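S.K.: Next comes the structure file upload21.tsv, holding TSV, N, CA and C atoms.
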chain	number	residue	atom	x	y	z
A	1	MET	N	-18.50	26.63	-7.86
A	1	MET	CA	-17.20	26.04	-7.53
A	1	MET	C	-17.41	24.57	-7.15
A	2	PRO	N	-16.60	23.67	-7.70
A	2	PRO	CA	-16.79	22.26	-7.39
A	2	PRO	C	-16.42	21.95	-5.94
A	3	THR	N	-17.13	20.99	-5.38
A	3	THR	CA	-16.81	20.52	-4.03
A	3	THR	C	-15.63	19.55	-4.11
A	4	ASN	N	-15.10	19.20	-2.95
A	4	ASN	CA	-14.03	18.20	-2.93
A	4	ASN	C	-14.55	16.86	-3.46
A	5	ALA	N	-15.79	16.53	-3.16
A	5	ALA	CA	-16.37	15.29	-3.69
A	5	ALA	C	-16.44	15.33	-5.22
A	6	ASP	N	-16.81	16.49	-5.77
A	6	ASP	CA	-16.83	16.64	-7.23
A	6	ASP	C	-15.43	16.41	-7.81
A	7	SER	N	-14.43	16.97	-7.15
A	7	SER	CA	-13.05	16.81	-7.63
A	7	SER	C	-12.62	15.35	-7.62
A	8	ILE	N	-12.98	14.63	-6.57
A	8	ILE	CA	-12.62	13.21	-6.48
A	8	ILE	C	-13.36	12.41	-7.55
A	9	CYS	N	-14.65	12.70	-7.76
A	9	CYS	CA	-15.39	12.01	-8.82
A	9	CYS	C	-14.75	12.25	-10.18
A	10	SER	N	-14.25	13.46	-10.40
A	10	SER	CA	-13.56	13.77	-11.66
A	10	SER	C	-12.29	12.94	-11.81
A	11	LEU	N	-11.58	12.68	-10.70
A	11	LEU	CA	-10.38	11.85	-10.77
A	11	LEU	C	-10.72	10.43	-11.19
A	12	TYR	N	-11.79	9.87	-10.62
A	12	TYR	CA	-12.20	8.52	-11.01
A	12	TYR	C	-12.59	8.48	-12.49
A	13	GLU	N	-13.29	9.51	-12.95
A	13	GLU	CA	-13.67	9.56	-14.37
A	13	GLU	C	-12.44	9.64	-15.27
A	14	ALA	N	-11.45	10.43	-14.87
A	14	ALA	CA	-10.22	10.54	-15.66
A	14	ALA	C	-9.46	9.21	-15.66
A	15	PHE	N	-9.41	8.54	-14.52
A	15	PHE	CA	-8.74	7.24	-14.44
A	15	PHE	C	-9.44	6.25	-15.38
A	16	ALA	N	-10.77	6.25	-15.39
A	16	ALA	CA	-11.53	5.34	-16.25
A	16	ALA	C	-11.25	5.61	-17.72
A	17	ARG	N	-10.98	6.87	-18.07
A	17	ARG	CA	-10.66	7.23	-19.46
A	17	ARG	C	-9.20	6.93	-19.81
A	18	GLY	N	-8.41	6.61	-18.80
A	18	GLY	CA	-6.98	6.40	-19.02
A	18	GLY	C	-6.20	7.69	-19.10
A	19	ASP	N	-6.76	8.76	-18.55
A	19	ASP	CA	-6.14	10.09	-18.61
A	19	ASP	C	-5.29	10.32	-17.35
A	20	ALA	N	-4.13	9.69	-17.34
A	20	ALA	CA	-3.24	9.78	-16.17
A	20	ALA	C	-2.83	11.22	-15.87
A	21	ALA	N	-2.64	12.01	-16.91
A	21	ALA	CA	-2.22	13.41	-16.69
A	21	ALA	C	-3.27	14.17	-15.89
A	22	ALA	N	-4.55	13.94	-16.20
A	22	ALA	CA	-5.62	14.62	-15.46
A	22	ALA	C	-5.68	14.13	-14.02
A	23	VAL	N	-5.47	12.84	-13.81
A	23	VAL	CA	-5.47	12.31	-12.44
A	23	VAL	C	-4.33	12.94	-11.66
A	24	LEU	N	-3.13	12.91	-12.20
A	24	LEU	CA	-1.97	13.44	-11.50
A	24	LEU	C	-2.08	14.94	-11.26
A	25	ALA	N	-2.77	15.65	-12.15
A	25	ALA	CA	-2.96	17.09	-11.97
A	25	ALA	C	-3.80	17.40	-10.74
A	26	GLY	N	-4.59	16.43	-10.29
A	26	GLY	CA	-5.41	16.62	-9.10
A	26	GLY	C	-4.68	16.37	-7.80
A	27	PHE	N	-3.41	15.99	-7.91
A	27	PHE	CA	-2.61	15.68	-6.72
A	27	PHE	C	-1.74	16.86	-6.34
A	28	SER	N	-1.61	17.08	-5.04
A	28	SER	CA	-0.64	18.03	-4.52
A	28	SER	C	0.77	17.49	-4.80
A	29	PRO	N	1.75	18.37	-4.99
A	29	PRO	CA	3.13	17.88	-5.14
A	29	PRO	C	3.60	17.10	-3.92
A	30	ASP	N	2.94	17.32	-2.78
A	30	ASP	CA	3.34	16.67	-1.53
A	30	ASP	C	2.43	15.50	-1.15
A	31	ILE	N	1.66	14.97	-2.10
A	31	ILE	CA	0.73	13.89	-1.78
A	31	ILE	C	1.45	12.73	-1.08
A	32	VAL	N	0.77	12.14	-0.12
A	32	VAL	CA	1.22	10.92	0.53
A	32	VAL	C	0.13	9.88	0.29
A	33	TRP	N	0.51	8.81	-0.39
A	33	TRP	CA	-0.43	7.77	-0.83
A	33	TRP	C	-0.07	6.48	-0.13
A	34	ASN	N	-1.05	5.87	0.54
A	34	ASN	CA	-0.83	4.60	1.23
A	34	ASN	C	-1.79	3.54	0.73
A	35	GLU	N	-1.25	2.46	0.22
A	35	GLU	CA	-2.03	1.28	-0.11
A	35	GLU	C	-2.34	0.54	1.19
A	36	ALA	N	-3.41	-0.25	1.19
A	36	ALA	CA	-3.79	-1.03	2.37
A	36	ALA	C	-2.65	-1.97	2.76
A	37	GLU	N	-2.48	-2.14	4.06
A	37	GLU	CA	-1.46	-3.07	4.55
A	37	GLU	C	-1.68	-4.45	3.92
A	38	HIS	N	-0.61	-5.05	3.45
A	38	HIS	CA	-0.60	-6.37	2.83
A	38	HIS	C	-1.18	-6.41	1.43
A	39	PHE	N	-1.64	-5.27	0.90
A	39	PHE	CA	-2.09	-5.22	-0.49
A	39	PHE	C	-0.85	-5.34	-1.37
A	40	PRO	N	-0.93	-5.99	-2.53
A	40	PRO	CA	0.27	-6.21	-3.34
A	40	PRO	C	1.06	-4.94	-3.68
A	41	LEU	N	0.42	-3.79	-3.81
A	41	LEU	CA	1.14	-2.56	-4.14
A	41	LEU	C	1.61	-1.79	-2.91
A	42	ALA	N	1.41	-2.35	-1.74
A	42	ALA	CA	1.83	-1.68	-0.49
A	42	ALA	C	3.33	-1.83	-0.24
A	43	ASP	N	4.03	-2.55	-1.09
A	43	ASP	CA	5.45	-2.81	-0.86
A	43	ASP	C	6.31	-1.55	-0.91
A	44	ARG	N	5.78	-0.46	-1.43
A	44	ARG	CA	6.55	0.79	-1.50
A	44	ARG	C	5.91	1.90	-0.66
A	45	ASN	N	5.00	1.54	0.23
A	45	ASN	CA	4.32	2.53	1.09
A	45	ASN	C	5.32	3.27	1.96
A	46	PRO	N	5.06	4.52	2.25
A	46	PRO	CA	4.11	5.37	1.56
A	46	PRO	C	4.73	5.93	0.29
A	47	TYR	N	3.88	6.20	-0.68
A	47	TYR	CA	4.32	6.83	-1.92
A	47	TYR	C	4.28	8.35	-1.69
A	48	HIS	N	5.38	9.02	-1.98
A	48	HIS	CA	5.46	10.47	-1.79
A	48	HIS	C	5.56	11.15	-3.15
A	49	GLY	N	4.58	12.00	-3.46
A	49	GLY	CA	4.59	12.76	-4.69
A	49	GLY	C	3.90	12.05	-5.84
A	50	PRO	N	3.38	12.83	-6.78
A	50	PRO	CA	2.66	12.27	-7.93
A	50	PRO	C	3.49	11.28	-8.76
A	51	GLN	N	4.77	11.56	-8.94
A	51	GLN	CA	5.60	10.67	-9.76
A	51	GLN	C	5.72	9.28	-9.13
A	52	ALA	N	5.86	9.22	-7.81
A	52	ALA	CA	5.94	7.93	-7.12
A	52	ALA	C	4.64	7.16	-7.28
A	53	VAL	N	3.50	7.85	-7.21
A	53	VAL	CA	2.20	7.20	-7.41
A	53	VAL	C	2.08	6.73	-8.86
A	54	ALA	N	2.48	7.57	-9.79
A	54	ALA	CA	2.39	7.21	-11.21
A	54	ALA	C	3.19	5.95	-11.51
A	55	GLU	N	4.41	5.89	-11.00
A	55	GLU	CA	5.27	4.74	-11.29
A	55	GLU	C	4.92	3.51	-10.46
A	56	GLY	N	4.74	3.71	-9.16
A	56	GLY	CA	4.58	2.59	-8.25
A	56	GLY	C	3.19	2.00	-8.19
A	57	VAL	N	2.19	2.79	-8.54
A	57	VAL	CA	0.81	2.30	-8.49
A	57	VAL	C	0.25	2.21	-9.91
A	58	PHE	N	0.05	3.35	-10.56
A	58	PHE	CA	-0.61	3.35	-11.86
A	58	PHE	C	0.17	2.57	-12.91
A	59	GLY	N	1.48	2.74	-12.95
A	59	GLY	CA	2.29	2.02	-13.93
A	59	GLY	C	2.20	0.52	-13.77
A	60	ARG	N	2.21	0.07	-12.54
A	60	ARG	CA	2.11	-1.35	-12.27
A	60	ARG	C	0.72	-1.88	-12.60
A	61	LEU	N	-0.31	-1.11	-12.31
A	61	LEU	CA	-1.66	-1.54	-12.66
A	61	LEU	C	-1.80	-1.70	-14.17
A	62	MET	N	-1.21	-0.79	-14.93
A	62	MET	CA	-1.31	-0.85	-16.39
A	62	MET	C	-0.53	-2.01	-16.99
A	63	THR	N	0.61	-2.35	-16.40
A	63	THR	CA	1.43	-3.40	-16.99
A	63	THR	C	1.15	-4.79	-16.44
A	64	GLU	N	0.65	-4.89	-15.21
A	64	GLU	CA	0.46	-6.20	-14.58
A	64	GLU	C	-0.96	-6.74	-14.69
A	65	TRP	N	-1.90	-5.89	-15.12
A	65	TRP	CA	-3.31	-6.27	-15.13
A	65	TRP	C	-3.92	-6.09	-16.52
A	66	ASP	N	-4.90	-6.93	-16.84
A	66	ASP	CA	-5.76	-6.74	-18.01
A	66	ASP	C	-7.10	-6.23	-17.51
A	67	GLY	N	-7.59	-5.16	-18.13
A	67	GLY	CA	-8.92	-4.66	-17.83
A	67	GLY	C	-9.12	-4.19	-16.41
A	68	PHE	N	-8.09	-3.66	-15.78
A	68	PHE	CA	-8.24	-3.20	-14.39
A	68	PHE	C	-9.15	-1.99	-14.34
A	69	THR	N	-10.19	-2.06	-13.50
A	69	THR	CA	-11.10	-0.94	-13.33
A	69	THR	C	-11.27	-0.61	-11.86
A	70	VAL	N	-11.54	0.65	-11.61
A	70	VAL	CA	-11.85	1.16	-10.28
A	70	VAL	C	-13.24	1.78	-10.40
A	71	SER	N	-14.22	1.15	-9.76
A	71	SER	CA	-15.61	1.59	-9.91
A	71	SER	C	-16.15	2.10	-8.59
A	72	PRO	N	-16.24	3.43	-8.46
A	72	PRO	CA	-16.84	3.98	-7.23
A	72	PRO	C	-18.33	3.70	-7.21
A	73	LYS	N	-18.84	3.33	-6.03
A	73	LYS	CA	-20.27	3.03	-5.87
A	73	LYS	C	-20.96	4.07	-4.99
A	74	ARG	N	-20.28	4.52	-3.93
A	74	ARG	CA	-20.84	5.53	-3.03
A	74	ARG	C	-19.75	6.52	-2.66
A	75	VAL	N	-20.12	7.79	-2.66
A	75	VAL	CA	-19.19	8.87	-2.33
A	75	VAL	C	-19.76	9.61	-1.11
A	76	HIS	N	-18.94	9.73	-0.09
A	76	HIS	CA	-19.33	10.39	1.15
A	76	HIS	C	-18.51	11.67	1.29
A	77	ASP	N	-19.19	12.79	1.23
A	77	ASP	CA	-18.53	14.09	1.29
A	77	ASP	C	-18.48	14.56	2.75
A	78	ALA	N	-17.29	14.61	3.29
A	78	ALA	CA	-17.09	15.08	4.67
A	78	ALA	C	-16.26	16.35	4.67
A	79	GLY	N	-16.43	17.16	3.62
A	79	GLY	CA	-15.69	18.42	3.55
A	79	GLY	C	-14.29	18.21	3.03
A	80	ARG	N	-13.31	18.39	3.91
A	80	ARG	CA	-11.90	18.22	3.52
A	80	ARG	C	-11.58	16.76	3.20
A	81	THR	N	-12.36	15.84	3.75
A	81	THR	CA	-12.17	14.41	3.53
A	81	THR	C	-13.33	13.87	2.70
A	82	VAL	N	-12.99	13.03	1.73
A	82	VAL	CA	-13.99	12.37	0.90
A	82	VAL	C	-13.72	10.86	0.99
A	83	VAL	N	-14.77	10.11	1.31
A	83	VAL	CA	-14.66	8.66	1.44
A	83	VAL	C	-15.43	8.02	0.29
A	84	VAL	N	-14.78	7.09	-0.40
A	84	VAL	CA	-15.40	6.44	-1.56
A	84	VAL	C	-15.39	4.93	-1.35
A	85	GLU	N	-16.57	4.33	-1.50
A	85	GLU	CA	-16.71	2.88	-1.48
A	85	GLU	C	-16.84	2.41	-2.92
A	86	GLY	N	-16.19	1.29	-3.25
A	86	GLY	CA	-16.30	0.81	-4.61
A	86	GLY	C	-15.74	-0.58	-4.79
A	87	ARG	N	-15.48	-0.91	-6.05
A	87	ARG	CA	-14.96	-2.24	-6.40
A	87	ARG	C	-13.82	-2.12	-7.40
A	88	TYR	N	-12.86	-3.01	-7.24
A	88	TYR	CA	-11.80	-3.21	-8.22
A	88	TYR	C	-12.15	-4.45	-9.02
A	89	THR	N	-11.94	-4.40	-10.33
A	89	THR	CA	-12.06	-5.60	-11.16
A	89	THR	C	-10.90	-5.62	-12.15
A	90	GLY	N	-10.58	-6.80	-12.60
A	90	GLY	CA	-9.52	-6.98	-13.58
A	90	GLY	C	-8.96	-8.38	-13.49
A	91	THR	N	-8.05	-8.70	-14.37
A	91	THR	CA	-7.40	-10.01	-14.39
A	91	THR	C	-5.90	-9.81	-14.26
A	92	PHE	N	-5.30	-10.48	-13.30
A	92	PHE	CA	-3.86	-10.38	-13.10
A	92	PHE	C	-3.16	-11.23	-14.16
A	93	LYS	N	-2.34	-10.59	-14.98
A	93	LYS	CA	-1.74	-11.26	-16.13
A	93	LYS	C	-0.92	-12.49	-15.76
A	94	ALA	N	-0.10	-12.40	-14.73
A	94	ALA	CA	0.82	-13.49	-14.40
A	94	ALA	C	0.11	-14.77	-13.97
A	95	THR	N	-1.06	-14.64	-13.36
A	95	THR	CA	-1.78	-15.83	-12.89
A	95	THR	C	-3.03	-16.12	-13.71
A	96	GLY	N	-3.51	-15.14	-14.46
A	96	GLY	CA	-4.75	-15.29	-15.21
A	96	GLY	C	-5.99	-15.30	-14.33
A	97	ARG	N	-5.83	-14.92	-13.07
A	97	ARG	CA	-6.95	-14.96	-12.12
A	97	ARG	C	-7.67	-13.61	-12.07
A	98	PRO	N	-9.01	-13.66	-12.01
A	98	PRO	CA	-9.79	-12.42	-11.95
A	98	PRO	C	-9.91	-11.88	-10.53
A	99	LEU	N	-10.06	-10.58	-10.46
A	99	LEU	CA	-10.27	-9.87	-9.19
A	99	LEU	C	-11.62	-9.16	-9.26
A	100	ASP	N	-12.38	-9.26	-8.20
A	100	ASP	CA	-13.61	-8.48	-8.03
A	100	ASP	C	-13.70	-8.20	-6.53
A	101	ALA	N	-13.05	-7.13	-6.11
A	101	ALA	CA	-12.84	-6.87	-4.69
A	101	ALA	C	-13.35	-5.50	-4.28
A	102	GLN	N	-13.85	-5.43	-3.07
A	102	GLN	CA	-14.31	-4.16	-2.53
A	102	GLN	C	-13.12	-3.30	-2.09
A	103	PHE	N	-13.34	-1.99	-2.11
A	103	PHE	CA	-12.34	-1.05	-1.58
A	103	PHE	C	-13.03	0.12	-0.91
A	104	VAL	N	-12.28	0.80	-0.08
A	104	VAL	CA	-12.64	2.11	0.44
A	104	VAL	C	-11.41	2.99	0.27
A	105	HIS	N	-11.61	4.16	-0.29
A	105	HIS	CA	-10.56	5.17	-0.41
A	105	HIS	C	-10.92	6.35	0.48
A	106	VAL	N	-9.97	6.78	1.28
A	106	VAL	CA	-10.16	7.97	2.11
A	106	VAL	C	-9.21	9.03	1.56
A	107	TRP	N	-9.79	10.07	0.98
A	107	TRP	CA	-9.06	11.15	0.32
A	107	TRP	C	-9.07	12.38	1.22
A	108	ASP	N	-7.94	13.02	1.40
A	108	ASP	CA	-7.87	14.32	2.08
A	108	ASP	C	-7.41	15.35	1.06
A	109	LEU	N	-8.09	16.49	1.03
A	109	LEU	CA	-7.78	17.54	0.07
A	109	LEU	C	-7.51	18.86	0.78
A	110	GLU	N	-6.64	19.64	0.17
A	110	GLU	CA	-6.38	21.01	0.58
A	110	GLU	C	-6.33	21.86	-0.68
A	111	ASP	N	-7.06	22.95	-0.68
A	111	ASP	CA	-7.10	23.86	-1.83
A	111	ASP	C	-7.41	23.13	-3.13
A	112	GLY	N	-8.32	22.13	-3.05
A	112	GLY	CA	-8.76	21.42	-4.24
A	112	GLY	C	-7.82	20.35	-4.76
A	113	LYS	N	-6.72	20.10	-4.05
A	113	LYS	CA	-5.74	19.08	-4.47
A	113	LYS	C	-5.66	17.97	-3.42
A	114	VAL	N	-5.45	16.75	-3.89
A	114	VAL	CA	-5.32	15.61	-2.97
A	114	VAL	C	-3.96	15.68	-2.28
A	115	VAL	N	-3.99	15.65	-0.96
A	115	VAL	CA	-2.75	15.65	-0.18
A	115	VAL	C	-2.48	14.29	0.45
A	116	ARG	N	-3.53	13.45	0.52
A	116	ARG	CA	-3.36	12.14	1.15
A	116	ARG	C	-4.42	11.19	0.63
A	117	LEU	N	-4.01	9.94	0.42
A	117	LEU	CA	-4.94	8.86	0.13
A	117	LEU	C	-4.60	7.69	1.04
A	118	GLN	N	-5.62	7.12	1.65
A	118	GLN	CA	-5.48	5.85	2.37
A	118	GLN	C	-6.46	4.88	1.75
A	119	GLN	N	-5.92	3.76	1.27
A	119	GLN	CA	-6.74	2.72	0.66
A	119	GLN	C	-7.00	1.63	1.70
A	120	TYR	N	-8.21	1.11	1.69
A	120	TYR	CA	-8.58	-0.10	2.43
A	120	TYR	C	-9.19	-1.03	1.40
A	121	ALA	N	-8.79	-2.30	1.41
A	121	ALA	CA	-9.25	-3.20	0.35
A	121	ALA	C	-9.26	-4.64	0.84
A	122	ASP	N	-9.88	-5.49	0.04
A	122	ASP	CA	-9.89	-6.92	0.30
A	122	ASP	C	-8.51	-7.46	-0.04
A	123	THR	N	-7.61	-7.35	0.91
A	123	THR	CA	-6.22	-7.74	0.65
A	123	THR	C	-6.08	-9.25	0.47
A	124	ALA	N	-6.87	-10.04	1.18
A	124	ALA	CA	-6.75	-11.50	1.04
A	124	ALA	C	-7.05	-11.91	-0.39
A	125	GLN	N	-8.10	-11.34	-0.98
A	125	GLN	CA	-8.44	-11.69	-2.36
A	125	GLN	C	-7.34	-11.21	-3.31
A	126	ALA	N	-6.85	-10.00	-3.11
A	126	ALA	CA	-5.81	-9.46	-4.00
A	126	ALA	C	-4.55	-10.30	-3.95
A	127	VAL	N	-4.16	-10.73	-2.76
A	127	VAL	CA	-2.96	-11.56	-2.63
A	127	VAL	C	-3.19	-12.92	-3.31
A	128	SER	N	-4.36	-13.50	-3.12
A	128	SER	CA	-4.68	-14.78	-3.75
A	128	SER	C	-4.63	-14.67	-5.27
A	129	VAL	N	-5.19	-13.60	-5.81
A	129	VAL	CA	-5.22	-13.40	-7.27
A	129	VAL	C	-3.81	-13.19	-7.81
A	130	THR	N	-2.99	-12.41	-7.11
A	130	THR	CA	-1.67	-12.08	-7.64
A	130	THR	C	-0.63	-13.17	-7.41
A	131	THR	N	-0.85	-14.03	-6.43
A	131	THR	CA	0.12	-15.10	-6.15
A	131	THR	C	-0.32	-16.45	-6.69
A	132	GLY	N	-1.61	-16.55	-6.98
A	132	GLY	CA	-2.13	-17.83	-7.43
A	132	GLY	C	-2.37	-18.81	-6.30
A	133	ALA	N	-2.21	-18.33	-5.06
A	133	ALA	CA	-2.38	-19.23	-3.88
A	133	ALA	C	-3.83	-19.42	-3.52
Show how you would write the structure in this file as structure tokens.
M.R.:
Amino acid sequence: MPTNADSICSLYEAFARGDAAAVLAGFSPDIVWNEAEHFPLADRNPYHGPQAVAEGVFGRLMTEWDGFTVSPKRVHDAGRTVVVEGRYTGTFKATGRPLDAQFVHVWDLEDGKVVRLQQYADTAQAVSVTTGA
């Protein structure tokens, strides 16, 4: 039986393949997703449910960015909670500026499904890239 860390690694692999359906299938219908405070996608926090995440986060990443990637570097298995350290890369279309920023994702799972995500990220860099400031 896969561990919660295995399940989260599978979500990152599905995201890298562009398989949104597989990513969303890993979410509980009651997922609560929070982007880091002041991160450009935090304007709709908290996102409730897979559809809100699909539209408010994934949809915007696909339309506003070129080559956006989420690259996990270290996965910490704490049972019900999985913590992932990694990097975001991509180019924001409106400004043409590249992003190469660190992140931490804190995932909480119940019965193999994600019930909560809290993102921590280099918000200063993300705001600079997206605003051109």
S.K.: Can you tell me, as a PDB file with N, CA and C atoms, in the coordinates of the input, what residues are no more than 10 Å from range 67-71 of chain A when counting only C-alpha atoms, ignoring any on the same chain fewer than 6 positions away?
M.R.:
ATOM      1  N   TYR A  12     -11.790   9.870 -10.620  1.00  0.00           N
ATOM      2  CA  TYR A  12     -12.200   8.520 -11.010  1.00  0.00           C
ATOM      3  C   TYR A  12     -12.590   8.480 -12.490  1.00  0.00           C
ATOM      4  N   GLU A  13     -13.290   9.510 -12.950  1.00  0.00           N
ATOM      5  CA  GLU A  13     -13.670   9.560 -14.370  1.00  0.00           C
ATOM      6  C   GLU A  13     -12.440   9.640 -15.270  1.00  0.00           C
ATOM      7  N   PHE A  15      -9.410   8.540 -14.520  1.00  0.00           N
ATOM      8  CA  PHE A  15      -8.740   7.240 -14.440  1.00  0.00           C
ATOM      9  C   PHE A  15      -9.440   6.250 -15.380  1.00  0.00           C
ATOM     10  N   ALA A  16     -10.770   6.250 -15.390  1.00  0.00           N
ATOM     11  CA  ALA A  16     -11.530   5.340 -16.250  1.00  0.00           C
ATOM     12  C   ALA A  16     -11.250   5.610 -17.720  1.00  0.00           C
ATOM     13  N   LEU A  61      -0.310  -1.110 -12.310  1.00  0.00           N
ATOM     14  CA  LEU A  61      -1.660  -1.540 -12.660  1.00  0.00           C
ATOM     15  C   LEU A  61      -1.800  -1.700 -14.170  1.00  0.00           C
ATOM     16  N   VAL A  84     -14.780   7.090  -0.400  1.00  0.00           N
ATOM     17  CA  VAL A  84     -15.400   6.440  -1.560  1.00  0.00           C
ATOM     18  C   VAL A  84     -15.390   4.930  -1.350  1.00  0.00           C
ATOM     19  N   GLU A  85     -16.570   4.330  -1.500  1.00  0.00           N
ATOM     20  CA  GLU A  85     -16.710   2.880  -1.480  1.00  0.00           C
ATOM     21  C   GLU A  85     -16.840   2.410  -2.920  1.00  0.00           C
ATOM     22  N   GLY A  86     -16.190   1.290  -3.250  1.00  0.00           N
ATOM     23  CA  GLY A  86     -16.300   0.810  -4.610  1.00  0.00           C
ATOM     24  C   GLY A  86     -15.740  -0.580  -4.790  1.00  0.00           C
ATOM     25  N   ARG A  87     -15.480  -0.910  -6.050  1.00  0.00           N
ATOM     26  CA  ARG A  87     -14.960  -2.240  -6.400  1.00  0.00           C
ATOM     27  C   ARG A  87     -13.820  -2.120  -7.400  1.00  0.00           C
ATOM     28  N   TYR A  88     -12.860  -3.010  -7.240  1.00  0.00           N
ATOM     29  CA  TYR A  88     -11.800  -3.210  -8.220  1.00  0.00           C
ATOM     30  C   TYR A  88     -12.150  -4.450  -9.020  1.00  0.00           C
ATOM     31  N   THR A  89     -11.940  -4.400 -10.330  1.00  0.00           N
ATOM     32  CA  THR A  89     -12.060  -5.600 -11.160  1.00  0.00           C
ATOM     33  C   THR A  89     -10.900  -5.620 -12.150  1.00  0.00           C
ATOM     34  N   GLY A  90     -10.580  -6.800 -12.600  1.00  0.00           N
ATOM     35  CA  GLY A  90      -9.520  -6.980 -13.580  1.00  0.00           C
ATOM     36  C   GLY A  90      -8.960  -8.380 -13.490  1.00  0.00           C
ATOM     37  N   THR A  91      -8.050  -8.700 -14.370  1.00  0.00           N
ATOM     38  CA  THR A  91      -7.400 -10.010 -14.390  1.00  0.00           C
ATOM     39  C   THR A  91      -5.900  -9.810 -14.260  1.00  0.00           C
ATOM     40  N   PHE A  92      -5.300 -10.480 -13.300  1.00  0.00           N
ATOM     41  CA  PHE A  92      -3.860 -10.380 -13.100  1.00  0.00           C
ATOM     42  C   PHE A  92      -3.160 -11.230 -14.160  1.00  0.00           C
ATOM     43  N   LYS A  93      -2.340 -10.590 -14.980  1.00  0.00           N
ATOM     44  CA  LYS A  93      -1.740 -11.260 -16.130  1.00  0.00           C
ATOM     45  C   LYS A  93      -0.920 -12.490 -15.760  1.00  0.00           C
ATOM     46  N   PRO A  98      -9.010 -13.660 -12.010  1.00  0.00           N
ATOM     47  CA  PRO A  98      -9.790 -12.420 -11.950  1.00  0.00           C
ATOM     48  C   PRO A  98      -9.910 -11.880 -10.530  1.00  0.00           C
ATOM     49  N   LEU A  99     -10.060 -10.580 -10.460  1.00  0.00           N
ATOM     50  CA  LEU A  99     -10.270  -9.870  -9.190  1.00  0.00           C
ATOM     51  C   LEU A  99     -11.620  -9.160  -9.260  1.00  0.00           C
ATOM     52  N   ASP A 100     -12.380  -9.260  -8.200  1.00  0.00           N
ATOM     53  CA  ASP A 100     -13.610  -8.480  -8.030  1.00  0.00           C
ATOM     54  C   ASP A 100     -13.700  -8.200  -6.530  1.00  0.00           C
ATOM     55  N   ALA A 101     -13.050  -7.130  -6.110  1.00  0.00           N
ATOM     56  CA  ALA A 101     -12.840  -6.870  -4.690  1.00  0.00           C
ATOM     57  C   ALA A 101     -13.350  -5.500  -4.280  1.00  0.00           C
ATOM     58  N   GLN A 102     -13.850  -5.430  -3.070  1.00  0.00           N
ATOM     59  CA  GLN A 102     -14.310  -4.160  -2.530  1.00  0.00           C
ATOM     60  C   GLN A 102     -13.120  -3.300  -2.090  1.00  0.00           C
ATOM     61  N   PHE A 103     -13.340  -1.990  -2.110  1.00  0.00           N
ATOM     62  CA  PHE A 103     -12.340  -1.050  -1.580  1.00  0.00           C
ATOM     63  C   PHE A 103     -13.030   0.120  -0.910  1.00  0.00           C
TER      64      PHE A 103
END
S.K.: Pick out each residue of chain A that DSSP on the backbone tags as alpha helix (DSSP H); I need them as a ChimeraX atom specification.
M.R.: /A:4-17,20-25,50-53,59-64,123-131
S.K.: Looking at all atoms listed in the file, which of A:Val75, A:Ala54, A:Cys9, A:Val127 is the one that sits closest to His38 in chain A?
M.R.: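 Comparing A:Val75, A:Ala54, A:Cys9, A:Val127 against His38 in chain A, the winner is A:Val127.
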S.K.: Can you tell me which residues surround Thr131 in chain A at a distance of at most 8 Å, considering all atoms listed in the file, apart from same-chain residues fewer than 5 positions away, and format the answer as JSON, numbers by chain?
M.R.: {"A": [94, 95, 125, 126]}
S.K.: For the atom pair CA of Lys113 in chain A and CA of Ser7 in chain A, what is the interatomic distance in Å to one decimal place?
M.R.: 8.3 Å
S.K.: Measuring atom to atom with only C-alpha atoms, identify which of A:Pro40, A:Gly18, A:Pro29, A:Pro2 is nearest to Thr123 in chain A.
M.R.: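 Smallest distance to Thr123 in chain A is found for A:Pro40.
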S.K.: Take CA of Gln118 in chain A and CA of Ile31 in chain A and report the distance between them in Å, one decimal.
M.R.: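 Distance between the two atoms: 11.0 Å.
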S.K.: From range 4-131 of chain A, collect each residue whose DSSP state is strand (DSSP E) and return the set as number ranges by chain.
M.R.: A: 27-34, 47-48, 65-78, 81-92, 97-110, 113-121
